[in-house]
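K.L.:
Input file: data_27.txt. Contents: compact mmCIF, C-alpha atoms and all ligand atoms.
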# COMPACT_ATOMS: atom_id res chain seq x y z
CA MET E 1186 0.00 0.00 0.00
CA LYS E 1187 1.22 3.51 -0.86
CA LEU E 1188 0.47 6.86 0.75
CA GLU E 1189 -1.68 7.80 -2.28
CA ASP E 1190 -3.91 4.77 -1.66
CA LEU E 1191 -4.90 5.74 1.89
CA VAL E 1192 -8.54 6.39 2.65
CA TYR E 1193 -8.99 9.20 5.16
CA VAL E 1194 -11.67 9.41 7.81
CA LYS E 1195 -13.06 12.49 9.53
CA THR E 1196 -12.99 12.11 13.27
CA GLY E 1197 -14.58 15.32 14.45
CA LYS E 1198 -13.03 17.58 17.05
CA PRO E 1199 -11.21 15.78 19.85
CA ALA E 1200 -13.25 15.21 23.01
CA PHE E 1201 -12.96 13.40 26.35
CA GLY E 1202 -11.45 9.95 25.73
CA ASP E 1203 -9.03 11.23 23.08
CA ALA E 1204 -5.27 11.69 23.52
CA LEU E 1205 -2.43 12.89 21.32
CA ALA E 1206 0.90 11.03 21.09
CA VAL E 1207 3.76 12.92 19.45
CA ILE E 1208 6.51 10.49 18.53
CA ASP E 1209 10.26 11.21 18.72
CA MET E 1210 10.44 14.83 17.49
CA GLN E 1211 14.15 14.91 18.40
CA ASN E 1212 17.14 16.60 16.78
CA ASP E 1213 18.66 13.34 15.53
CA PHE E 1214 15.55 12.54 13.45
CA ILE E 1215 15.41 15.98 11.87
CA PRO E 1216 17.52 17.09 8.86
CA GLY E 1217 21.05 17.70 10.13
CA GLY E 1218 20.67 14.95 12.76
CA ALA E 1219 22.34 11.55 12.90
CA LEU E 1220 19.29 9.59 11.67
CA ALA E 1221 17.66 12.37 9.70
CA VAL E 1222 14.17 11.80 8.32
CA GLN E 1223 13.44 13.80 5.16
CA GLU E 1224 11.13 16.75 5.88
CA GLY E 1225 11.14 15.90 9.58
CA ASP E 1226 11.29 19.64 10.23
CA VAL E 1227 8.33 20.47 7.98
CA ILE E 1228 5.81 18.87 10.35
CA ILE E 1229 6.83 20.71 13.53
CA GLU E 1230 4.49 23.70 13.11
CA GLY E 1231 1.48 21.49 12.38
CA ILE E 1232 2.26 19.31 15.38
CA ASN E 1233 2.46 22.41 17.58
CA ARG E 1234 -1.02 23.44 16.45
CA VAL E 1235 -2.53 20.04 17.21
CA MET E 1236 -0.76 19.90 20.60
CA GLU E 1237 -2.15 23.34 21.40
CA LEU E 1238 -5.68 22.16 20.51
CA PHE E 1239 -5.48 19.06 22.72
CA ASN E 1240 -3.91 20.98 25.58
CA ARG E 1241 -6.53 23.74 25.33
CA SER E 1242 -9.25 21.07 25.30
CA ASP E 1243 -7.75 19.53 28.49
CA LEU E 1244 -6.93 16.26 26.72
CA PRO E 1245 -3.74 14.25 27.34
CA VAL E 1246 -0.69 15.15 25.24
CA VAL E 1247 2.18 12.65 25.41
CA LEU E 1248 5.63 13.00 23.88
CA THR E 1249 7.83 9.98 23.30
CA GLN E 1250 11.60 10.34 23.37
CA ASP E 1251 14.04 7.78 21.96
CA TRP E 1252 16.60 7.50 24.75
CA HIS E 1253 19.49 5.10 24.12
CA PRO E 1254 22.58 4.45 26.25
CA ALA E 1255 25.91 4.80 24.39
CA GLY E 1256 26.73 1.49 22.73
CA HIS E 1257 23.09 0.52 22.26
CA HIS E 1258 22.73 -2.72 20.30
CA SER E 1259 20.56 -1.05 17.65
CA PHE E 1260 23.64 0.97 16.61
CA ALA E 1261 25.74 -0.42 13.74
CA SER E 1262 28.80 0.76 15.69
CA ALA E 1263 28.07 -1.91 18.33
CA HIS E 1264 28.52 -4.67 15.72
CA PRO E 1265 32.02 -4.97 14.19
CA GLY E 1266 31.92 -4.91 10.39
CA MET E 1267 28.35 -3.60 10.16
CA LYS E 1268 27.24 -0.25 8.68
CA PRO E 1269 24.18 1.89 9.41
CA TYR E 1270 21.06 0.66 7.55
CA ASP E 1271 22.54 -2.82 7.01
CA LEU E 1272 19.92 -5.53 7.45
CA PHE E 1273 20.30 -7.16 10.86
CA LYS E 1274 17.90 -9.23 12.90
CA ALA E 1275 18.39 -10.31 16.50
CA GLN E 1276 16.06 -10.65 19.49
CA GLY E 1277 14.79 -7.11 20.17
CA ILE E 1278 16.91 -5.52 17.38
CA GLY E 1279 16.31 -4.92 13.66
CA PRO E 1280 15.32 -5.26 10.83
CA VAL E 1281 18.19 -2.83 10.18
CA LEU E 1282 20.99 -1.29 12.24
CA TRP E 1283 21.06 2.47 12.81
CA PRO E 1284 23.67 5.19 13.09
CA ASP E 1285 24.37 6.17 16.72
CA HIS E 1286 21.40 8.38 17.63
CA CYS E 1287 19.43 9.80 20.55
CA VAL E 1288 22.12 9.00 23.08
CA GLN E 1289 20.90 9.87 26.57
CA GLY E 1290 21.69 13.48 27.44
CA SER E 1291 23.06 14.39 24.01
CA PHE E 1292 21.87 17.29 21.83
CA GLY E 1293 20.58 14.75 19.31
CA ALA E 1294 18.26 13.29 21.93
CA ASP E 1295 16.74 16.70 22.80
CA PHE E 1296 13.41 17.69 21.35
CA HIS E 1297 13.76 20.10 18.44
CA ARG E 1298 13.85 23.64 19.79
CA ASN E 1299 10.79 24.68 17.75
CA LEU E 1300 8.63 21.93 19.25
CA GLU E 1301 6.31 23.50 21.83
CA THR E 1302 6.98 20.97 24.57
CA ARG E 1303 5.07 23.16 27.05
CA TYR E 1304 1.84 21.66 25.66
CA ALA E 1305 2.88 18.14 26.66
CA HIS E 1306 1.62 16.56 29.88
CA THR E 1307 4.15 13.76 30.06
CA VAL E 1308 7.18 12.31 28.30
CA ILE E 1309 7.63 8.57 27.79
CA ARG E 1310 11.27 7.62 27.22
CA LYS E 1311 12.06 4.37 25.46
CA GLY E 1312 14.98 2.34 24.13
CA TYR E 1313 17.04 2.67 27.34
CA HIS E 1314 17.76 -1.07 27.71
CA ARG E 1315 21.06 -1.67 25.97
CA ASP E 1316 20.06 -4.94 24.28
CA ILE E 1317 16.44 -4.13 23.35
CA ASP E 1318 15.21 -1.47 20.96
CA SER E 1319 11.80 0.11 21.40
CA TYR E 1320 10.12 1.48 18.32
CA SER E 1321 6.74 1.49 20.01
CA GLY E 1322 5.75 3.92 22.72
CA PHE E 1323 3.93 1.04 24.44
CA LEU E 1324 6.01 -2.11 24.15
CA GLU E 1325 9.71 -2.75 23.52
CA ASN E 1326 10.91 -4.83 20.58
CA ASP E 1327 11.22 -7.97 22.73
CA GLY E 1328 7.42 -7.98 22.58
CA LYS E 1329 6.99 -8.05 26.36
CA THR E 1330 8.65 -5.14 28.20
CA ARG E 1331 6.14 -2.33 28.68
CA THR E 1332 6.91 1.38 28.90
CA GLY E 1333 4.00 2.43 31.16
CA LEU E 1334 2.20 4.41 28.44
CA ASP E 1335 -0.81 2.07 28.44
CA GLY E 1336 -1.29 2.53 32.19
CA TYR E 1337 -0.94 6.29 31.89
CA LEU E 1338 -3.53 6.54 29.13
CA ARG E 1339 -5.96 4.17 30.85
CA ASP E 1340 -5.70 6.11 34.10
CA ARG E 1341 -6.69 9.21 32.16
CA GLY E 1342 -9.75 7.63 30.52
CA VAL E 1343 -8.29 7.45 27.03
CA ARG E 1344 -9.97 5.25 24.41
CA ARG E 1345 -8.73 6.84 21.18
CA ILE E 1346 -5.18 7.98 20.35
CA PHE E 1347 -4.09 10.36 17.63
CA VAL E 1348 -0.48 9.59 16.63
CA CYS E 1349 1.95 11.81 14.70
CA GLY E 1350 5.71 12.44 14.47
CA LEU E 1351 8.72 10.40 13.38
CA ALA E 1352 9.19 8.01 11.85
CA LEU E 1353 6.00 6.91 10.10
CA ASP E 1354 7.42 3.48 9.19
CA TYR E 1355 9.00 2.80 12.61
CA CYS E 1356 8.02 4.47 15.85
CA VAL E 1357 4.72 5.93 14.63
CA PHE E 1358 3.82 2.60 13.02
CA PHE E 1359 4.69 0.45 16.02
CA THR E 1360 2.96 2.79 18.47
CA ALA E 1361 -0.20 2.80 16.34
CA SER E 1362 -0.08 -0.93 15.86
CA HIS E 1363 0.39 -1.77 19.55
CA GLY E 1364 -2.28 0.78 20.42
CA ARG E 1365 -4.71 -1.33 18.39
CA ASP E 1366 -3.44 -4.54 20.01
CA LEU E 1367 -4.16 -2.97 23.40
CA GLY E 1368 -7.73 -2.10 22.39
CA TYR E 1369 -7.49 1.61 21.59
CA GLU E 1370 -8.94 3.28 18.55
CA VAL E 1371 -5.96 4.77 16.73
CA CYS E 1372 -5.82 7.60 14.19
CA VAL E 1373 -2.53 8.36 12.47
CA ILE E 1374 -2.26 12.02 11.38
CA VAL E 1375 -0.57 11.24 8.09
CA ASP E 1376 0.42 14.77 7.02
CA LEU E 1377 2.19 15.21 10.39
CA ALA E 1378 4.43 12.15 10.01
CA ARG E 1379 7.32 11.23 7.68
CA PRO E 1380 9.03 7.87 6.98
CA VAL E 1381 12.70 6.85 7.20
CA GLY E 1382 12.24 4.56 4.17
CA SER E 1383 14.85 1.93 5.05
CA PRO E 1384 14.65 -0.84 3.94
CA PRO E 1385 12.87 0.51 0.84
CA ASP E 1386 9.59 -1.35 1.46
CA SER E 1387 9.30 -0.31 5.13
CA LEU E 1388 6.56 2.27 4.53
CA PHE E 1389 4.48 -0.03 2.32
CA SER E 1390 4.46 -2.83 4.85
CA ALA E 1391 3.80 -0.42 7.71
CA LEU E 1392 0.76 1.01 5.91
CA ASP E 1393 -0.49 -2.50 5.05
CA THR E 1394 -0.16 -3.70 8.63
CA MET E 1395 -1.82 -0.59 10.06
CA SER E 1396 -4.74 -0.86 7.62
CA GLY E 1397 -5.12 -4.56 8.44
CA LYS E 1398 -5.32 -3.75 12.13
CA GLY E 1399 -7.99 -1.09 11.65
CA VAL E 1400 -5.81 1.97 12.26
CA CYS E 1401 -7.58 5.08 10.87
CA PHE E 1402 -5.81 7.66 8.76
CA VAL E 1403 -6.65 11.33 9.19
CA ARG E 1404 -5.54 14.73 7.92
CA SER E 1405 -4.63 17.34 10.51
CA GLY E 1406 -6.91 19.96 8.94
CA ASP E 1407 -9.94 17.77 9.59
CA ILE E 1408 -9.24 17.58 13.34
CA PHE E 1409 -9.88 21.31 13.64
CA THR E 1410 -12.97 21.57 11.47
CA GLY E 1411 -14.75 18.61 13.07
C1 LIG X 1501 13.25 5.43 15.31
C2 LIG X 1501 14.81 4.14 14.26
C3 LIG X 1501 15.53 4.01 15.42
C4 LIG X 1501 11.98 6.21 15.21
C5 LIG X 1501 13.95 5.29 16.49
O1 LIG X 1501 11.78 7.14 16.02
O2 LIG X 1501 11.17 5.92 14.29
N1 LIG X 1501 13.68 4.82 14.20
N2 LIG X 1501 15.08 4.60 16.53
ZN ZN X 1502 16.32 4.58 18.24
Can I see the file as structure tokens?
Ligand code: VGL
Ligand code: ZN
P.N.:
Amino acid sequence: MKLEDLVYVKTGKPAFGDALAVIDMQNDFIPGGALAVQEGDVIIEGINRVMELFNRSDLPVVLTQDWHPAGHHSFASAHPGMKPYDLFKAQGIGPVLWPDHCVQGSFGADFHRNLETRYAHTVIRKGYHRDIDSYSGFLENDGKTRTGLDGYLRDRGVRRIFVCGLALDYCVFFTASHGRDLGYEVCVIVDLARPVGSPPDSLFSALDTMSGKGVCFVRSGDIFTG
């Protein structure tokens, strides 16, 4: 499935039971960063507007933050002879290896300075176990270690999650997908997300899997007009 094939739904204005999850809007994922996503900067203003709407409407706004220790096993540099974006599959790691990125406390791990983090109610960090990656905001790549996001959202009465940010084919995809597995309605705000595109079919399979799981696709403009 390609982006052009998506069918968009209109959700109406957000109301009690809705939450916004903004995924990994960090310097390393934005052009100039170590794992730059094309046009990652273009979506910041739109994300700010949606965060402002949710915050003003007293609805939960969650940021996720990729937060790796130096030497994390998702980094190619941790595997002699391997290069960033090489295919690599191990328990909790893969399907590719990454450049060193989002190292705890580094500039690359900071949120982009234009992101209005003041609208966020909480930050969920992920990927801090050296041997396990965590693309999803809910569940690490071992398929069993939870981040606490599900408990947070349930405690706040959330039933539907709007997801945007970086990267559409990794952390946005896995967060949306696990959100469905956990019983939430999930709407991906497609114009406020961008893919890494590695390996080349990553976006296609992400869109296929999300559609198959009943993830909805929305345009940010429609969230405001109801
Ligand atoms: C991500 C690759 C590695 C993401 C994080 O935020 O999509 N991708 N770590
Ligand atoms: Zn990462």
K.L.:
Choose the residue, out of E:Lys1398, E:His1258, E:Arg1310, E:Lys1329, that has the smallest atom-to-atom separation from Ala1275 in chain E; count all atoms listed in the file.
P.N.:
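Of E:Lys1398, E:His1258, E:Arg1310, E:Lys1329, the one nearest Ala1275 in chain E is E:His1258, counting all atoms listed in the file.
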K.L.:
What is the distance, in Å and to one decimal place, between CA of Ala1378 in chain E and CA of Val1227 in chain E?
P.N.:
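Here the two named atoms are 9.4 Å from each other.
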K.L.:
Check every protein, DNA and RNA residue against ligand ZN 1502 (chain X), keep those with an atom at most 12 Å away (counting all atoms listed in the file), and present them as an MDAnalysis selection string.
P.N.:
chainID E and resid 1208:1211 1213:1214 1219:1221 1249:1261 1277:1279 1281:1289 1293:1294 1310:1322 1325:1326 1351:1352 1355:1356 1381
K.L.:
Mind giving me the straight-line distance from CA of Phe1402 in chain E to CA of Gly1217 in chain E in Å, one decimal?
P.N.:
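Result for CA of Phe1402 in chain E versus CA of Gly1217 in chain E: 28.7 Å, one decimal.
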K.L.:
Which is closest to ligand LIG 1501 (chain X) among E:Val1247, E:Ala1200, E:Ile1346, E:Val1222, if we use all atoms listed in the file?
P.N.:
E:Val1222
K.L.:
Using only C-alpha atoms, which residue out of E:Gly1218, E:Gly1290, E:Gly1364, E:Pro1380 lies closest to Gly1336 in chain E?
P.N.:
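Closest residue, counting only C-alpha atoms: E:Gly1364.
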K.L.:
Write out as a list in words which residues come within 12 Å of Phe1389 in chain E when counting only C-alpha atoms, dropping same-chain ones fewer than 5 positions away.
P.N.:
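Returned residues: Met1186, Lys1187, Leu1188, Glu1189, Asp1190, Leu1191, Leu1353, Asp1354, Tyr1355, Phe1358, Pro1380, Val1381, Gly1382, Ser1383, Pro1384, Thr1394, Met1395 and Ser1396 of chain E.
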K.L.:
Which one of E:Arg1379, E:Arg1404, E:Lys1274, E:Arg1365 sits closest to ligand LIG 1501 (chain X) if you count only C-alpha atoms and all ligand atoms?
P.N.:
E:Arg1379
K.L.:
Using only C-alpha atoms and all ligand atoms, find the one residue out of E:Ser1291, E:Thr1196, E:Ser1405, E:Asn1212 that sits nearest to ligand LIG 1501 (chain X).
P.N.:
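With only C-alpha atoms and all ligand atoms as the atom set, the closest residue is E:Asn1212.
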K.L.:
Report, in Å to a single decimal, how far apart CA of His1306 in chain E and CA of Tyr1337 in chain E are.
P.N.:
10.8 Å
K.L.:
Show which residues sit within 8 Å of Val1400 in chain E, as a list in words. Count only C-alpha atoms, and ignore same-chain residues fewer than 6 positions away.
P.N.:
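Those residues are Ala1361, Ser1362, Arg1365, Glu1370, Val1371, Cys1372 and Val1373 of chain E.
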K.L.:
Given the choices E:Leu1244, E:Val1207, E:Leu1338, E:Val1343, which gets closest to ligand LIG 1501 (chain X) if the distance is worked out from only C-alpha atoms and all ligand atoms?
P.N.:
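For ligand LIG 1501 (chain X), the nearest of the given residues is E:Val1207.
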K.L.:
Take range 1306-1317 of chain E, model all heavy atoms, and hand the result over as a PDB file, in the coordinates of the input.
P.N.:
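Result saved to out.pdb:
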ATOM      1  N   HIS E1306       1.901  16.889  28.489  1.00  0.00           N
ATOM      2  CA  HIS E1306       1.620  16.560  29.880  1.00  0.00           C
ATOM      3  C   HIS E1306       2.622  15.576  30.454  1.00  0.00           C
ATOM      4  O   HIS E1306       2.864  15.556  31.646  1.00  0.00           O
ATOM      5  CB  HIS E1306       0.202  15.997  30.011  1.00  0.00           C
ATOM      6  CG  HIS E1306      -0.860  16.942  29.534  1.00  0.00           C
ATOM      7  ND1 HIS E1306      -2.170  16.604  29.415  1.00  0.00           N
ATOM      8  CD2 HIS E1306      -0.774  18.239  29.127  1.00  0.00           C
ATOM      9  CE1 HIS E1306      -2.861  17.640  28.964  1.00  0.00           C
ATOM     10  NE2 HIS E1306      -2.035  18.640  28.778  1.00  0.00           N
ATOM     11  N   THR E1307       3.146  14.710  29.577  1.00  0.00           N
ATOM     12  CA  THR E1307       4.150  13.760  30.060  1.00  0.00           C
ATOM     13  C   THR E1307       5.059  13.345  28.918  1.00  0.00           C
ATOM     14  O   THR E1307       4.729  13.525  27.742  1.00  0.00           O
ATOM     15  CB  THR E1307       3.478  12.529  30.721  1.00  0.00           C
ATOM     16  OG1 THR E1307       4.462  11.851  31.504  1.00  0.00           O
ATOM     17  CG2 THR E1307       2.926  11.550  29.696  1.00  0.00           C
ATOM     18  N   VAL E1308       6.213  12.814  29.274  1.00  0.00           N
ATOM     19  CA  VAL E1308       7.180  12.310  28.300  1.00  0.00           C
ATOM     20  C   VAL E1308       7.462  10.846  28.628  1.00  0.00           C
ATOM     21  O   VAL E1308       7.781  10.528  29.779  1.00  0.00           O
ATOM     22  CB  VAL E1308       8.503  13.103  28.345  1.00  0.00           C
ATOM     23  CG1 VAL E1308       9.524  12.504  27.384  1.00  0.00           C
ATOM     24  CG2 VAL E1308       8.270  14.575  28.053  1.00  0.00           C
ATOM     25  N   ILE E1309       7.299   9.985  27.624  1.00  0.00           N
ATOM     26  CA  ILE E1309       7.630   8.570  27.790  1.00  0.00           C
ATOM     27  C   ILE E1309       8.953   8.321  27.074  1.00  0.00           C
ATOM     28  O   ILE E1309       9.046   8.472  25.857  1.00  0.00           O
ATOM     29  CB  ILE E1309       6.538   7.659  27.187  1.00  0.00           C
ATOM     30  CG1 ILE E1309       5.204   7.814  27.929  1.00  0.00           C
ATOM     31  CG2 ILE E1309       6.994   6.196  27.159  1.00  0.00           C
ATOM     32  CD1 ILE E1309       5.138   7.130  29.281  1.00  0.00           C
ATOM     33  N   ARG E1310       9.981   7.960  27.830  1.00  0.00           N
ATOM     34  CA  ARG E1310      11.270   7.620  27.220  1.00  0.00           C
ATOM     35  C   ARG E1310      11.290   6.124  26.924  1.00  0.00           C
ATOM     36  O   ARG E1310      10.643   5.331  27.623  1.00  0.00           O
ATOM     37  CB  ARG E1310      12.406   8.021  28.138  1.00  0.00           C
ATOM     38  CG  ARG E1310      12.567   9.526  28.176  1.00  0.00           C
ATOM     39  CD  ARG E1310      13.656   9.935  29.133  1.00  0.00           C
ATOM     40  NE  ARG E1310      13.968  11.335  28.989  1.00  0.00           N
ATOM     41  CZ  ARG E1310      14.636  12.046  29.874  1.00  0.00           C
ATOM     42  NH1 ARG E1310      15.093  11.482  30.976  1.00  0.00           N
ATOM     43  NH2 ARG E1310      14.886  13.322  29.655  1.00  0.00           N
ATOM     44  N   LYS E1311      12.045   5.769  25.898  1.00  0.00           N
ATOM     45  CA  LYS E1311      12.060   4.370  25.460  1.00  0.00           C
ATOM     46  C   LYS E1311      13.390   4.051  24.790  1.00  0.00           C
ATOM     47  O   LYS E1311      14.076   4.955  24.316  1.00  0.00           O
ATOM     48  CB  LYS E1311      10.897   4.115  24.493  1.00  0.00           C
ATOM     49  CG  LYS E1311      10.980   4.992  23.244  1.00  0.00           C
ATOM     50  CD  LYS E1311       9.821   4.790  22.330  1.00  0.00           C
ATOM     51  CE  LYS E1311       9.920   5.652  21.097  1.00  0.00           C
ATOM     52  NZ  LYS E1311      11.082   5.382  20.242  1.00  0.00           N
ATOM     53  N   GLY E1312      13.736   2.778  24.786  1.00  0.00           N
ATOM     54  CA  GLY E1312      14.980   2.340  24.130  1.00  0.00           C
ATOM     55  C   GLY E1312      16.176   2.412  25.060  1.00  0.00           C
ATOM     56  O   GLY E1312      17.319   2.385  24.598  1.00  0.00           O
ATOM     57  N   TYR E1313      15.929   2.487  26.391  1.00  0.00           N
ATOM     58  CA  TYR E1313      17.040   2.670  27.340  1.00  0.00           C
ATOM     59  C   TYR E1313      17.648   1.359  27.831  1.00  0.00           C
ATOM     60  O   TYR E1313      18.597   1.381  28.600  1.00  0.00           O
ATOM     61  CB  TYR E1313      16.625   3.561  28.515  1.00  0.00           C
ATOM     62  CG  TYR E1313      15.272   3.269  29.095  1.00  0.00           C
ATOM     63  CD1 TYR E1313      15.064   2.161  29.891  1.00  0.00           C
ATOM     64  CD2 TYR E1313      14.192   4.127  28.830  1.00  0.00           C
ATOM     65  CE1 TYR E1313      13.809   1.889  30.413  1.00  0.00           C
ATOM     66  CE2 TYR E1313      12.932   3.860  29.342  1.00  0.00           C
ATOM     67  CZ  TYR E1313      12.744   2.736  30.133  1.00  0.00           C
ATOM     68  OH  TYR E1313      11.500   2.480  30.637  1.00  0.00           O
ATOM     69  N   HIS E1314      17.085   0.200  27.407  1.00  0.00           N
ATOM     70  CA  HIS E1314      17.760  -1.070  27.710  1.00  0.00           C
ATOM     71  C   HIS E1314      18.748  -1.364  26.597  1.00  0.00           C
ATOM     72  O   HIS E1314      18.362  -1.398  25.426  1.00  0.00           O
ATOM     73  CB  HIS E1314      16.727  -2.206  27.841  1.00  0.00           C
ATOM     74  CG  HIS E1314      15.786  -2.000  28.990  1.00  0.00           C
ATOM     75  ND1 HIS E1314      14.424  -1.845  28.840  1.00  0.00           N
ATOM     76  CD2 HIS E1314      16.036  -1.879  30.314  1.00  0.00           C
ATOM     77  CE1 HIS E1314      13.883  -1.656  30.032  1.00  0.00           C
ATOM     78  NE2 HIS E1314      14.832  -1.674  30.941  1.00  0.00           N
ATOM     79  N   ARG E1315      19.997  -1.617  26.960  1.00  0.00           N
ATOM     80  CA  ARG E1315      21.060  -1.670  25.970  1.00  0.00           C
ATOM     81  C   ARG E1315      20.836  -2.716  24.880  1.00  0.00           C
ATOM     82  O   ARG E1315      21.191  -2.522  23.722  1.00  0.00           O
ATOM     83  CB  ARG E1315      22.408  -1.932  26.672  1.00  0.00           C
ATOM     84  CG  ARG E1315      23.614  -1.541  25.823  1.00  0.00           C
ATOM     85  CD  ARG E1315      24.889  -2.079  26.421  1.00  0.00           C
ATOM     86  NE  ARG E1315      24.732  -3.518  26.619  1.00  0.00           N
ATOM     87  CZ  ARG E1315      25.735  -4.382  26.750  1.00  0.00           C
ATOM     88  NH1 ARG E1315      26.975  -3.945  26.733  1.00  0.00           N
ATOM     89  NH2 ARG E1315      25.503  -5.666  26.916  1.00  0.00           N
ATOM     90  N   ASP E1316      20.205  -3.835  25.232  1.00  0.00           N
ATOM     91  CA  ASP E1316      20.060  -4.940  24.280  1.00  0.00           C
ATOM     92  C   ASP E1316      18.711  -4.986  23.574  1.00  0.00           C
ATOM     93  O   ASP E1316      18.486  -5.868  22.744  1.00  0.00           O
ATOM     94  CB  ASP E1316      20.263  -6.289  24.990  1.00  0.00           C
ATOM     95  CG  ASP E1316      21.653  -6.401  25.590  1.00  0.00           C
ATOM     96  OD1 ASP E1316      22.562  -5.706  25.105  1.00  0.00           O
ATOM     97  OD2 ASP E1316      21.812  -7.167  26.553  1.00  0.00           O
ATOM     98  N   ILE E1317      17.786  -4.092  23.937  1.00  0.00           N
ATOM     99  CA  ILE E1317      16.440  -4.130  23.350  1.00  0.00           C
ATOM    100  C   ILE E1317      16.122  -2.766  22.765  1.00  0.00           C
ATOM    101  O   ILE E1317      16.236  -1.758  23.463  1.00  0.00           O
ATOM    102  CB  ILE E1317      15.342  -4.445  24.402  1.00  0.00           C
ATOM    103  CG1 ILE E1317      15.755  -5.568  25.351  1.00  0.00           C
ATOM    104  CG2 ILE E1317      14.015  -4.752  23.715  1.00  0.00           C
ATOM    105  CD1 ILE E1317      14.793  -5.738  26.525  1.00  0.00           C
TER     106      ILE E1317
END
